[in-house]
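For reference, protein_31.tsv is printed below; it contains TSV, C-alpha atoms.
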chain	number	residue	atom	x	y	z
U	760	MET	CA	-30.63	31.99	-1.16
U	761	ILE	CA	-32.19	31.84	-4.61
U	762	SER	CA	-29.56	32.16	-7.35
U	763	TYR	CA	-31.13	30.45	-10.40
U	764	LEU	CA	-34.65	29.62	-11.57
U	765	GLU	CA	-36.06	27.58	-14.44
U	766	GLY	CA	-39.71	27.54	-15.34
U	767	ILE	CA	-42.47	28.71	-17.64
U	768	ILE	CA	-43.08	32.38	-18.34
U	769	LYS	CA	-46.51	33.13	-16.84
U	770	GLU	CA	-46.43	36.92	-17.33
U	771	LYS	CA	-44.00	39.23	-19.10
U	772	SER	CA	-43.70	43.02	-19.30
U	773	LEU	CA	-40.87	45.41	-20.13
U	774	ASP	CA	-39.44	45.47	-16.61
U	775	ARG	CA	-40.55	42.20	-15.01
U	776	VAL	CA	-41.48	38.60	-15.56
U	777	VAL	CA	-43.39	36.00	-13.55
U	778	LEU	CA	-41.68	32.63	-13.78
U	779	LEU	CA	-43.79	29.58	-12.81
U	780	THR	CA	-41.55	27.02	-11.11
U	781	GLY	CA	-42.92	24.01	-9.26
U	782	GLY	CA	-46.37	25.57	-8.92
U	783	VAL	CA	-44.98	28.83	-7.50
U	784	GLY	CA	-44.88	32.06	-9.51
U	785	TYR	CA	-41.77	34.14	-8.86
U	786	GLU	CA	-41.89	37.82	-9.85
U	787	LEU	CA	-38.50	38.96	-11.11
U	788	PHE	CA	-37.51	42.47	-12.15
U	789	ILE	CA	-35.50	42.39	-15.38
U	790	SER	CA	-33.47	44.68	-17.63
U	791	GLY	CA	-34.33	45.54	-21.22
U	792	ALA	CA	-31.56	43.21	-22.39
U	793	THR	CA	-33.01	40.26	-20.48
U	794	HIS	CA	-36.52	41.14	-21.70
U	795	GLY	CA	-35.22	40.91	-25.27
U	796	ASP	CA	-33.61	37.52	-24.58
U	797	LEU	CA	-36.79	35.98	-23.16
U	798	LYS	CA	-39.40	34.28	-25.33
U	799	ASP	CA	-43.13	34.91	-25.04
U	800	VAL	CA	-45.59	33.87	-22.32
U	801	GLY	CA	-45.86	30.09	-22.10
U	802	ALA	CA	-42.25	29.46	-23.13
U	803	GLN	CA	-39.61	27.83	-20.97
U	804	ALA	CA	-37.02	30.20	-19.45
U	805	SER	CA	-34.06	30.09	-17.11
U	806	LEU	CA	-32.68	33.09	-15.26
U	807	PHE	CA	-29.80	33.86	-12.94
U	808	VAL	CA	-31.31	35.49	-9.87
U	809	HIS	CA	-30.36	37.97	-7.17
U	810	LEU	CA	-32.52	38.19	-4.03
U	811	HIS	CA	-32.33	41.77	-2.75
U	812	ILE	CA	-33.38	42.23	0.87
U	813	ARG	CA	-34.07	45.55	2.55
U	814	GLU	CA	-35.61	46.06	5.98
U	815	ASP	CA	-39.12	46.32	4.52
U	816	ILE	CA	-39.05	44.35	1.26
U	817	MET	CA	-37.60	41.35	-0.59
U	818	GLN	CA	-37.26	41.56	-4.36
U	819	LEU	CA	-35.97	39.15	-7.00
U	820	PHE	CA	-33.97	40.37	-9.99
U	821	GLY	CA	-33.50	38.09	-13.00
U	822	PHE	CA	-30.78	38.02	-15.67
U	823	SER	CA	-30.45	36.04	-18.86
U	824	SER	CA	-26.67	35.73	-18.42
U	825	ARG	CA	-24.24	35.30	-15.57
U	826	VAL	CA	-22.20	38.24	-16.93
U	827	GLU	CA	-25.18	40.60	-16.69
U	828	LYS	CA	-25.86	39.44	-13.12
U	829	GLU	CA	-22.20	40.03	-12.19
U	830	MET	CA	-22.34	43.56	-13.61
U	831	PHE	CA	-25.58	44.19	-11.69
U	832	MET	CA	-23.88	43.07	-8.46
U	833	LYS	CA	-20.95	45.41	-9.13
U	834	LEU	CA	-23.31	48.30	-9.87
U	835	ILE	CA	-25.35	47.93	-6.67
U	836	SER	CA	-22.11	47.93	-4.66
U	837	VAL	CA	-21.55	51.55	-5.78
U	838	SER	CA	-22.91	54.02	-3.23
U	839	LYS	CA	-26.09	55.80	-4.41
U	840	VAL	CA	-26.82	53.04	-6.97
U	841	GLY	CA	-29.72	50.83	-5.92
U	842	PRO	CA	-31.13	47.81	-7.75
U	843	LYS	CA	-33.72	49.77	-9.77
U	844	LEU	CA	-31.10	52.27	-10.98
U	845	ALA	CA	-28.74	49.39	-11.78
U	846	LEU	CA	-31.48	47.84	-13.97
U	847	SER	CA	-32.01	51.20	-15.66
U	848	ILE	CA	-28.28	51.33	-16.46
U	849	LEU	CA	-28.33	47.78	-17.86
U	850	SER	CA	-31.44	48.62	-19.90
U	851	SER	CA	-29.89	51.77	-21.36
U	852	LEU	CA	-26.44	50.51	-22.36
U	853	SER	CA	-25.09	47.18	-23.55
U	854	LEU	CA	-22.53	45.56	-21.26
U	855	ALA	CA	-19.78	46.40	-23.77
U	856	ASP	CA	-20.81	50.07	-24.00
U	857	LEU	CA	-21.10	50.39	-20.22
U	858	THR	CA	-17.69	48.79	-19.69
U	859	GLY	CA	-16.16	51.03	-22.34
U	860	ALA	CA	-17.71	54.15	-20.78
U	861	ILE	CA	-16.33	53.19	-17.36
U	862	ILE	CA	-12.83	52.43	-18.64
U	863	LEU	CA	-12.64	55.57	-20.79
U	864	GLY	CA	-14.24	57.77	-18.13
U	865	ASP	CA	-17.06	58.75	-20.52
U	866	ILE	CA	-19.20	60.69	-18.02
U	867	ASP	CA	-21.43	62.14	-20.76
U	868	LEU	CA	-22.60	58.71	-21.91
U	869	ILE	CA	-23.37	57.60	-18.35
U	870	VAL	CA	-25.20	60.87	-17.59
U	871	SER	CA	-27.41	60.18	-20.64
U	872	ILE	CA	-28.96	57.27	-18.67
U	873	PRO	CA	-32.29	58.25	-17.05
U	874	GLY	CA	-31.91	58.83	-13.31
U	875	ILE	CA	-28.14	59.46	-13.31
U	876	GLY	CA	-26.65	62.86	-12.64
U	877	LYS	CA	-23.06	63.97	-12.99
U	878	LYS	CA	-22.06	63.21	-9.38
U	879	VAL	CA	-23.43	59.66	-9.53
U	880	ALA	CA	-21.76	59.13	-12.93
U	881	GLU	CA	-18.41	60.30	-11.55
U	882	ARG	CA	-18.78	58.05	-8.50
U	883	LEU	CA	-19.77	55.09	-10.68
U	884	ILE	CA	-16.70	55.51	-12.89
U	885	LEU	CA	-14.39	56.00	-9.92
U	886	GLU	CA	-15.67	52.97	-7.99
U	887	MET	CA	-16.16	50.65	-10.99
U	888	LYS	CA	-12.95	51.29	-12.95
U	889	GLU	CA	-10.98	48.67	-11.01
U	890	ARG	CA	-13.82	46.12	-11.01
U	891	VAL	CA	-14.65	45.77	-14.70
U	892	GLU	CA	-12.88	43.51	-17.15
U	893	VAL	CA	-11.23	45.31	-20.03
U	894	PRO	CA	-12.64	44.28	-23.44
U	895	ALA	CA	-10.09	42.94	-25.94
U	896	SER	CA	-10.66	45.97	-28.19
U	897	PHE	CA	-9.19	48.20	-25.47
U	898	ILE	CA	-5.94	46.23	-25.14
U	899	GLY	CA	-2.76	47.54	-26.76
U	900	GLU	CA	0.85	46.37	-26.61
U	901	SER	CA	1.46	48.00	-23.24
U	902	GLY	CA	-1.86	47.31	-21.55
U	903	ILE	CA	-5.10	49.30	-21.63
U	904	TYR	CA	-5.56	51.38	-24.76
U	905	GLU	CA	-5.63	54.64	-22.81
U	906	ASP	CA	-4.91	57.35	-25.34
U	907	SER	CA	-7.78	59.70	-25.85
U	908	ASP	CA	-8.37	59.05	-29.56
U	909	TYR	CA	-11.81	57.61	-28.79
U	910	LEU	CA	-12.78	60.69	-26.77
U	911	LYS	CA	-11.39	63.01	-29.50
U	912	ALA	CA	-13.42	61.17	-32.15
U	913	LYS	CA	-16.54	61.28	-29.99
U	914	GLU	CA	-16.09	65.00	-29.32
U	915	ALA	CA	-15.73	65.63	-33.07
U	916	LEU	CA	-19.00	63.80	-33.76
U	917	VAL	CA	-20.79	65.76	-31.03
U	918	ASN	CA	-19.42	69.00	-32.53
U	919	LEU	CA	-20.94	67.90	-35.85
U	920	GLY	CA	-24.36	67.83	-34.16
U	921	TYR	CA	-24.74	64.20	-33.08
U	922	SER	CA	-25.83	63.36	-29.53
U	923	GLN	CA	-23.47	61.75	-27.01
U	924	THR	CA	-25.37	58.47	-27.32
U	925	GLU	CA	-25.38	58.52	-31.14
U	926	ALA	CA	-21.63	59.23	-31.16
U	927	SER	CA	-20.89	56.42	-28.68
U	928	ILE	CA	-22.98	53.90	-30.60
U	929	ALA	CA	-21.44	54.95	-33.93
U	930	LEU	CA	-17.93	54.56	-32.49
U	931	LYS	CA	-18.67	51.13	-31.06
U	932	ASN	CA	-16.01	48.60	-32.18
U	933	GLU	CA	-13.87	51.38	-33.71
U	934	VAL	CA	-11.40	51.58	-30.79
U	935	ARG	CA	-8.44	49.53	-31.97
U	936	LYS	CA	-4.71	49.80	-31.55
U	937	ASP	CA	-4.24	50.69	-35.23
U	938	ALA	CA	-7.20	53.11	-35.57
U	939	SER	CA	-6.48	56.84	-35.84
U	940	VAL	CA	-8.94	59.54	-34.82
U	941	GLU	CA	-9.66	60.19	-38.50
U	942	ASP	CA	-10.30	56.49	-39.20
U	943	MET	CA	-12.72	56.28	-36.26
U	944	ILE	CA	-14.59	59.41	-37.37
U	945	LYS	CA	-14.89	58.22	-40.98
U	946	ALA	CA	-16.18	54.78	-39.93
U	947	ALA	CA	-18.63	56.35	-37.46
U	948	LEU	CA	-19.94	58.81	-40.06
U	949	LYS	CA	-20.52	55.94	-42.53
U	950	ARG	CA	-22.46	54.07	-39.83
U	951	LEU	CA	-24.50	57.17	-38.96
U	952	ALA	CA	-25.27	57.85	-42.66
U	953	LYS	CA	-26.74	54.34	-43.01
U	954	SER	CA	-29.03	54.72	-40.00
Can the structure from this file be put into structure tokens for me?
Amino acid sequence: MISYLEGIIKEKSLDRVVLLTGGVGYELFISGATHGDLKDVGAQASLFVHLHIREDIMQLFGFSSRVEKEMFMKLISVSKVGPKLALSILSSLSLADLTGAIILGDIDLIVSIPGIGKKVAERLILEMKERVEVPASFIGESGIYEDSDYLKAKEALVNLGYSQTEASIALKNEVRKDASVEDMIKAALKRLAKS
């Protein structure tokens, strides 16, 4: 089983890379996040690898971090989510945003990912909720920060005309134990005004 490769980048595109290791070029499919982490052709690179085997094909998937590979493995364990869709998810959302969407049950953000409908988004949230680690920003005195202030703030931003994705990105890092809905909205609007 191949789980890690080091070598020289022979070819690089948005969704794959060829890594030359010991005279052999390995084609690995990658996410947008991993693409951004890799240097240009000719540079040294190291990737965590998953070998995906189906009855008719073997494919390698590469990740710049162990955490991204672990999330990929969790995603492909969800029914109706294959490796290509899992890469699309990882390319569309940061690990923090994806984890937050799963924990908060933010179906709209997950549906905004190309190739995901409402049923798959619901299944993904249902099956992944128990498998993801809760970010520190979601922890309150009594456990997970579960009140719906985040969702209320996001809904307010959407009602003001912003897209689901814009609202989620603007609210990133605003979910804290001491943050009110109004505080989150004000901070998000300042962030949106700058961009």
Can you tell me, as a PyMOL selection string, what residues are no more than 9 Å from segment 790-807 of chain U when counting all atoms listed in the file, ignoring any on the same chain fewer than 2 positions away? chain U and resi 761-776+778+788+809+820-825+827-828+845-853
For each of U:Ala929, U:Ile835, U:Leu857, U:Val917, take the minimum atom-to-atom distance to Val891 of chain U, counting only C-alpha atoms, then give the residue where this is smallest.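 Nearest candidate to Val891 of chain U out of U:Ala929, U:Ile835, U:Leu857, U:Val917: U:Leu857.
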Around (-31.4, 56.7, -17.1) in the file's frame, which residues reach within 8 Å when counting all atoms listed in the file? Return as a PDB file with C-alpha atoms, keeping the file's coordinate frame?
ATOM      1  CA  LEU U 844     -31.100  52.270 -10.980  1.00  0.00           C
ATOM      2  CA  SER U 847     -32.010  51.200 -15.660  1.00  0.00           C
ATOM      3  CA  ILE U 848     -28.280  51.330 -16.460  1.00  0.00           C
ATOM      4  CA  SER U 851     -29.890  51.770 -21.360  1.00  0.00           C
ATOM      5  CA  VAL U 870     -25.200  60.870 -17.590  1.00  0.00           C
ATOM      6  CA  SER U 871     -27.410  60.180 -20.640  1.00  0.00           C
ATOM      7  CA  ILE U 872     -28.960  57.270 -18.670  1.00  0.00           C
ATOM      8  CA  PRO U 873     -32.290  58.250 -17.050  1.00  0.00           C
ATOM      9  CA  GLY U 874     -31.910  58.830 -13.310  1.00  0.00           C
ATOM     10  CA  ILE U 875     -28.140  59.460 -13.310  1.00  0.00           C
TER      11      ILE U 875
END
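When all atoms listed in the file are used to compute distances to Pro842 of chain U, the closest of the residues U:Val826, U:Leu787, U:Leu910, U:Ile869 turns out to be U:Leu787.
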Do you have the atom CA of Gly859 of chain U-atom CA of Ala912 of chain U distance handy?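 Going from atom CA of Gly859 of chain U over to atom CA of Ala912 of chain U, I get 14.4 Å.
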For atom CA of Ile812 of chain U and atom CA of Lys843 of chain U, determine how far apart the two atoms are, in Å to one decimal place. 13.0 Å
Using Å and a single decimal, report how far atom CA of Leu854 of chain U sits from atom CA of Leu810 of chain U.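 About the pair atom CA of Leu810 of chain U and atom CA of Leu854 of chain U: they are 21.2 Å apart.
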Top pick for closest residue to Arg813 of chain U, considering U:Ala855, U:Gly841, U:Glu829, U:Glu786 and counting all atoms listed in the file: U:Gly841
Near Glu889 of chain U, within 10 Å and counting only C-alpha atoms, which residues show up once chain neighbours fewer than 4 positions away are dropped, as a list in words?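 Here the qualifying residues turn out to be Ile861, Ile862, Ile884, Leu885 and Val893 of chain U.
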Return the single residue from U:Lys945, U:Arg890, U:Lys931, U:Lys878 that is closest to Ser836 of chain U, with distances computed using all atoms listed in the file. U:Arg890
Pick from U:Gln818, U:Val940, U:Val777, U:Ile866, whichever lies nearest to Lys911 of chain U using only C-alpha atoms: U:Val940
Between U:Met832, U:Asp942, U:Glu914, U:Val840, which has the minimum distance to Gly876 of chain U (counting all atoms listed in the file)?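 Residue with the minimum atom-to-atom distance to Gly876 of chain U: U:Val840.
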